[in-house]
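Here is the structure we will look at.
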Amino acid sequence: MTDTSVFPDPVYRETVLAPLFEGVKANYAKGMSAINRAHLVMLKETKILCNQDASALAKALSDIDLEIDISSLEYTGKHEDYFFLVEAELRERLGDLGGALHTARSRNDMDHTLFKLALRQRAATLINELHALAGALIEKAHTETETLIVAYTHGQPAQPTTFGHYLAAIIEVILRDAERLDAAANGLEHCPMGAAAITTSGFPIDRILIADLLGFEEPLLNSYGCIASVDYVTGLYSAIKLVFIHLGRLVQDLQFWSAFEVGQIYVPNSMVQISSIMPQKRNPVPIEHLRHLASVTAGCCDMVVGTMHNTPFTDMNDSAGEVQQAGYAAFDSGSRVLRLLTALVPACRINADRVARTTDAACITITELADTLVREEGLSFRQSHEIAAAVAKAVIAKEQGLAEGFKEFEIAFETATKHAPRLDESQFREAVSAKTFVQRRDRPGGPARAALFSALEQYSGQLDALRVRQTTRGERHSQSAKTLDSAFQDLLET
């Protein structure tokens, strides 16, 4: 039976080819131009093309870039995709020579190079924004080293610490996430060009040269892996997902702390919306936006990684334009989270009065009373714990602050030990003070001022090192672009 159908089928054009074409216009046209120029320079330098042919191709490529308004292009089906549109333009201008540019390459190695070029630019922006958040939190933690807060476990008041100490814990996670993201960004720095379809080429190509011209650290070595291994995608989106899974926990604390019943943190008016009907309401709505945007970002990352699951180890559309473009939404929503958090957290302040009331009401310094009895009274920790528990139970029943519970302490102590305590009332009050609690926890990683300052200095050093690595990548990309432009201009002037 004769097949009289003509490519492309209208429905295929509408549902696949046209959207992909729009995606290339938005995300890959500039990268394709860079690849064309770098590949041409390499073909000339390796003498695969003579100077005259390379110069003619360079002039045609330059004219195409100048004359074609990419944004105004519409997909007609005349050419399968944007790659073939450019090749058709070259052949129209140069005849058969226009097809020489594709010597020793394939759309396979070109595609994955395009995807890496697009991802590394987006990753750089996200990384810089994550670094900015870490820097803002380090600065905020420095100013909050003595600001007492209630630390919660299992949703209940547990022990006193400082806002700076809490932020330091968040900073540590962010820095570990930043390290993972940095490693994933390094996975984008290996160039697939030269792999061609699967097995490289019989021509004497220079893979190192084209990698250098495109700003990569080096070629990705195995040519099969260049077109089949998508761990640069799964690794990057997995690292991004973890950033927003972890930041979501900070956001949840902000939501809990800002609730009227808790009231530990005050969100400034600039970050609060009102009710259209209830005049008393102060709604810290940005926190809700942070929560859902972080979840949307993590979900988008899951979508990309999940699409790669159980796919064949080969070049495939499952890792190509549709999926790549869908993943870019994670960078957009993720950027919004990072920028909003960077503005919100430093603007918030701790409600000291509410912290003090909760500290008293929930007896959260009682652990230090038990510790003090071990040190000062020579009791075992278990016996000290039982005395402290009895004191807490008694003062909570009377709805009085722990600092006012010296009589209850004397009773509990004498009941347990059959003698009076050596601690007097002033020593008791000192032992159950939140400020004392924090000051005495001066071990590495603790909330005491010196320990916390030491930790913050360490975090600053780690952040500086991460920033240097990101700057080095960016400088390589920028310098390579200048080198490519100069080499291409030499072709134009030949």
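Naming scheme: A, B, ... for chains in displayed order of the structure tokens; residues 1 onward per chain; ligands 1 onward as shown.
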Backbone DSSP call of alpha helix (DSSP H) for region 17-189 of chain A, listed as a count of residues only: 118
Spatial neighbours of region 231-248 of chain A, max dist 8 Å, only C-alpha atoms, sep filter under 4 positions, as a list of chain:residue names: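 In the requested form, the answer reads A:Val173, A:Ile174, A:Asp177, A:Ala178, A:Arg180, A:Leu181, A:Ala184, A:Ala185, A:Gly187, A:Leu188, A:Gln252, A:Leu290, A:Arg291, A:Ala294, A:Ser295, A:Thr297, A:Ala298, A:Gly299, A:Cys301, A:Asp302, A:Val304, A:Val305, A:Met308, A:Gly334.
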Spatial neighbours of Ile171 (chain A), 9 Å, only C-alpha atoms, chain gap at least 3 places, as a VMD selection string: chain A and resid 133 to 135 137 to 138 166 to 168 174 to 176 456 459
Length of the CA of His477 (chain A) to CA of Thr494 (chain A) vector [Å]: 26.0 Å
Atomic separation - CA of Glu189 (chain A) relative to CA of Glu217 (chain A), Å: 5.3 Å
